[in-house]
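Scroll down for the structure; my scribbles are underneath it.
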Amino acid sequence: MSTPLDGIRVLDLSSGIAGPLATMLLADFGADVIKVEPPTGDPARALAGFAVWNRNKRSIIIDSTTRGGLQRLHEFLAGADVLVLNQTTVDLDPTLLTARYPRLVLLHMPPYTPDQTPWAGGMESHPLLSAYGGAAWRQSSFGGGPIDLVYPFPLYVQGHWAAGTAVAALIERLRSGVGQVVTVSGMHGIMLSCVGQWNIVPDQQPLPTNVGPGGRHPCYTTYQAGDGQWLFMAALTPKFQANAFKVLGVGDIFADERIKGVPMRILAPENRAWVRKKLSDAFCTRSRDEWLDALEKGDCPAGPVGERDDWLDHPQLIANHLRVELDDPERGHTIMPGVHLVMTETPGAVRTPAPTFGQHDTTVRPWPPYPVADPASSQPSGRLSPHPVTEGSSSPVPARGPLAGYRVLNLGTILAGPYAGALLAELGADVIKVEAPVGDPFRETGFVYNRGQRGLAVDLTSDAAREAFYEVVRGADVVLDNSRLGVLHRLGIDYANLRRVKPDIVTFSVNGFGEEGPLARKPGFDPVLQAMSGMMQAQGGDSEPYLFTIPINDITAATVSVLGICLGLFHRERSGIGQRTWTSLLGCSAMMQSGELVRFAGRPPAVRGACDFTGPSPLDCFYRTSDGWLRLQARDASALVTAGVIDRGLADAELQAALTERFAPMCTSDALAALSAAGVPAVQARMPHELPGDADLQNLEMFVRLHMHDGTPFFSTGRYVRMSRTSQSAVFTPPGVGEHSTEVLSEAGVEAAEIQALIDAGLVRQGQPFQIAGIQTYR
């Protein structure tokens, strides 16, 4: 079988985590990736995760600060399709490079924003990014202060999204013949990760985070069973909550006069504590395994809290080929997460280990150069989507993102599926949210995940309605879902049936536990995978397990969906062949711990947290100041002596106490000024509600001002990516249930009388625009 990126040449000048992860994903699917390092090497070579993030690549050393080195770099650039970098220089200016090489897709991945990095040195740093970007202070905890995340989640997300946007730009290049600059910054990684927390009402007090490490929802949290073992109960929707109450024997909590039949009232501060205690007391009466068995039989999702170090040995990962073993030239026998995106016609693979420093210096030659052509005369190549690029325009360049002209039918519910649709809409696709007439149960809470989509409400259990849906499929390019295994087949909308309707359709599915193994048919929920994979216990250390406020497995699955769909479309444009593609929360839970799970003899231990973890060492830690918190990341104590923060070098125990005492009476700005002057990386810990006023984020259009139905203004997410030629410009809002049903069915050629008959029979719903009543936070 071929791979979707056969023949695509990628020059990787990035270092650290996010950029190398993005190029790893491209390399896994066939791109020829050459990793270019300066004579000092990529600093991330000291990290265990380097073995994963740089697999399938070749390595060369180029000193681009010398004339000869810069000339050699340009010889490679002349034949490259994609250039990835996170640091720019006068000689590596994105605008100048794309002007010189018009076909080049330049993926720019700066540590913070393209214009600046607010900490000394300007190097990639997930603790500083999470602190300054608001992710650390949004994490639930006992004390309510910022929490140091033991995983570089925003960087992992940045890398996944960047890979998808790069392939989208390659798809657009088939149409226009021209590349462009694609900017996915560290703050884009924060935004994508924390999208549910970026609905911000000005002047409204931010929600307190001192709700305990299990989060604010007593039905969607951790519990300790009678044998002392922990589990996570994922009863997010009223259906599962009712099932849980029945299994636990706690009566109908909805009927309590304090809840009055309104499930969301469980989240009210005055109700959370007593509901949680009632459930906690019940869990104490039996062992964890007994409760997990009872909850499964009672149709309530739940899972055990496991240990991170055991996850790659889990039979479910092994059954789904998510564990790879290979011999690394530097590390010896190495075990790592496998390819978490499955493409049935063009599969990815781990072919070679990470290269040694400059391993291919003597064997790699520059690719044959592309001819330098006038972009205006470039001819499109490939088999392009039949949908018009811009209505009423003959321009070959999309005005609404690189995927303008493609149509996606999004059957996803709750989070991962809807969010994938929103991201595809950001890239210009016409995304139609397809749901039952009763609507997606997560619509009110998760409205941001549906933004930018049109709404079609149809009862797919009905033969007549399904036939109408098939007509819509005939005009679509992609069908996306996140259903439990077997549901699509039962409804007659699985890949085999859809392929009969549209032979070149690309389908993408998100499932919980993969398609093989004993857990394959279980429903998947982000926190259940957080628990089982060891994420929660790794953050809590010897304390209670911590539910990550970032729904990281769902977020990752959404970005992997974008990548998989773009790879599927790119392959289809070059071959004419569609395919079935999928990912799982299971696979995402492994890849989002790639640097922590990878094993080889002598690897340094992965960071393990603690109760309200503030950092791994006194030099790498949060400190309280007189007016807030700062996050310090000093290389050594001597730099702090230079900054005048301490008088002399101290042992760790003394240093922690000395720094705590020194920073406590200082205002944050004074402390940061002293540290910055001495070249010590440090930032203020910010809350999400402080971000909309940031000029750098405003320049990237990362926030948009919207209004609730009563006129109350609030900020929500704006642009998820910046593209030099094909950036999206629309202000996106979520659709109402079936808001565009008649419109979508009419476009598909369904007769007006038939549409009305379906509406009259209750099989199709023609709804109204969505009204945002308020901001609901469930984590």
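Identifiers in the structure tokens: chain A, B, ... in order shown; residue index from 1 per chain; ligand index from 1 in order shown.
Using only C-alpha atoms, the contacts of A:Leu106 at a cut-off of 10 Å, with sequence neighbours closer than 4 positions omitted, comprise Val10, Leu11, Ala80, Asp81, Val82, Leu83, Val84, Leu85, Pro94, Thr95, Leu97, Thr98, Tyr101, Ala166, Ala169, Gly179, Gln180, Val181, Val182, Thr183, Met723 and Ser724 of chain A.
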I need the residues of stretch 467-628 of chain A that end up classed as alpha helix (DSSP H) by DSSP on the backbone, written out as JSON, numbers by chain. {"A": [467, 468, 469, 470, 471, 472, 473, 474, 487, 488, 489, 490, 491, 495, 496, 497, 498, 499, 500, 501, 526, 527, 528, 529, 530, 531, 532, 535, 536, 537, 538, 539, 540, 552, 553, 554, 555, 556, 557, 558, 559, 560, 561, 562, 563, 564, 565, 566, 567, 568, 569, 570, 571, 572, 573, 574, 575, 585, 586, 587, 588, 589, 590, 591, 594, 595, 596, 597]}
Those same residues - C-alpha atoms - I'd like them written as a CSV table (one decimal), in the first residue's frame.
```
chain,number,residue,atom,x,y,z
A,467,GLU,CA,-32.8,7.9,2.0
A,468,ALA,CA,-32.8,11.7,2.2
A,469,PHE,CA,-29.6,11.6,4.1
A,470,TYR,CA,-28.0,9.5,1.3
A,471,GLU,CA,-28.9,12.3,-1.1
A,472,VAL,CA,-26.8,14.7,1.1
A,473,VAL,CA,-24.0,12.1,1.2
A,474,ARG,CA,-23.9,12.1,-2.6
A,487,VAL,CA,-24.0,1.9,15.7
A,488,LEU,CA,-23.2,3.0,12.1
A,489,HIS,CA,-23.8,-0.5,10.7
A,490,ARG,CA,-27.1,-0.7,12.6
A,491,LEU,CA,-28.2,2.6,11.1
A,495,TYR,CA,-18.5,2.9,5.3
A,496,ALA,CA,-19.7,0.0,3.2
A,497,ASN,CA,-23.1,1.6,2.7
A,498,LEU,CA,-21.8,5.1,2.2
A,499,ARG,CA,-19.3,3.9,-0.4
A,500,ARG,CA,-22.2,2.5,-2.4
A,501,VAL,CA,-23.8,5.9,-2.3
A,526,ASP,CA,-12.1,11.4,27.9
A,527,PRO,CA,-11.7,11.2,31.7
A,528,VAL,CA,-12.2,7.4,31.7
A,529,LEU,CA,-9.1,7.2,29.4
A,530,GLN,CA,-7.3,9.8,31.6
A,531,ALA,CA,-7.9,7.5,34.6
A,532,MET,CA,-7.1,4.2,33.0
A,535,MET,CA,-2.6,10.5,33.5
A,536,MET,CA,-4.7,11.3,36.7
A,537,GLN,CA,-2.4,9.5,39.1
A,538,ALA,CA,0.7,10.9,37.4
A,539,GLN,CA,-0.5,14.4,38.1
A,540,GLY,CA,-1.6,13.6,41.7
A,552,ILE,CA,-7.1,16.2,26.5
A,553,ASN,CA,-8.1,12.9,24.8
A,554,ASP,CA,-11.1,14.5,23.2
A,555,ILE,CA,-9.1,17.5,22.1
A,556,THR,CA,-6.4,15.3,20.6
A,557,ALA,CA,-9.0,13.1,18.9
A,558,ALA,CA,-10.5,16.2,17.2
A,559,THR,CA,-7.1,17.4,15.9
A,560,VAL,CA,-6.2,13.9,14.8
A,561,SER,CA,-9.6,13.8,13.0
A,562,VAL,CA,-8.6,16.9,11.1
A,563,LEU,CA,-5.2,15.4,10.2
A,564,GLY,CA,-6.7,12.1,9.1
A,565,ILE,CA,-9.4,13.8,7.0
A,566,CYS,CA,-6.9,16.1,5.3
A,567,LEU,CA,-4.6,13.1,4.6
A,568,GLY,CA,-7.6,11.2,3.2
A,569,LEU,CA,-8.6,14.1,0.9
A,570,PHE,CA,-5.0,14.8,-0.2
A,571,HIS,CA,-4.6,11.1,-1.2
A,572,ARG,CA,-8.0,11.2,-2.9
A,573,GLU,CA,-7.1,14.3,-4.9
A,574,ARG,CA,-4.0,12.5,-6.2
A,575,SER,CA,-5.4,9.0,-6.7
A,585,LEU,CA,-9.3,7.9,22.6
A,586,LEU,CA,-7.2,4.9,23.5
A,587,GLY,CA,-4.5,5.8,21.0
A,588,CYS,CA,-4.7,9.5,21.8
A,589,SER,CA,-4.1,8.7,25.5
A,590,ALA,CA,-0.8,7.0,24.6
A,591,MET,CA,0.4,9.6,22.2
A,594,SER,CA,4.6,9.9,24.4
A,595,GLY,CA,7.5,11.5,26.1
A,596,GLU,CA,6.5,10.0,29.4
A,597,LEU,CA,5.7,6.4,28.3
```
Among listed residues A:Ala136, A:His217, A:Thr237, A:Asp252, nearest A:Ile266 (using only C-alpha atoms): A:His217
Using atom CA of A:Pro301 and atom CA of A:Val479 as the two end points, give the distance in Å to one decimal. 26.2 Å
Determine the nearest neighbour of A:Glu739 from the options A:Thr334, A:Asn482, A:Thr726, A:Gln768, counting only C-alpha atoms. A:Gln768
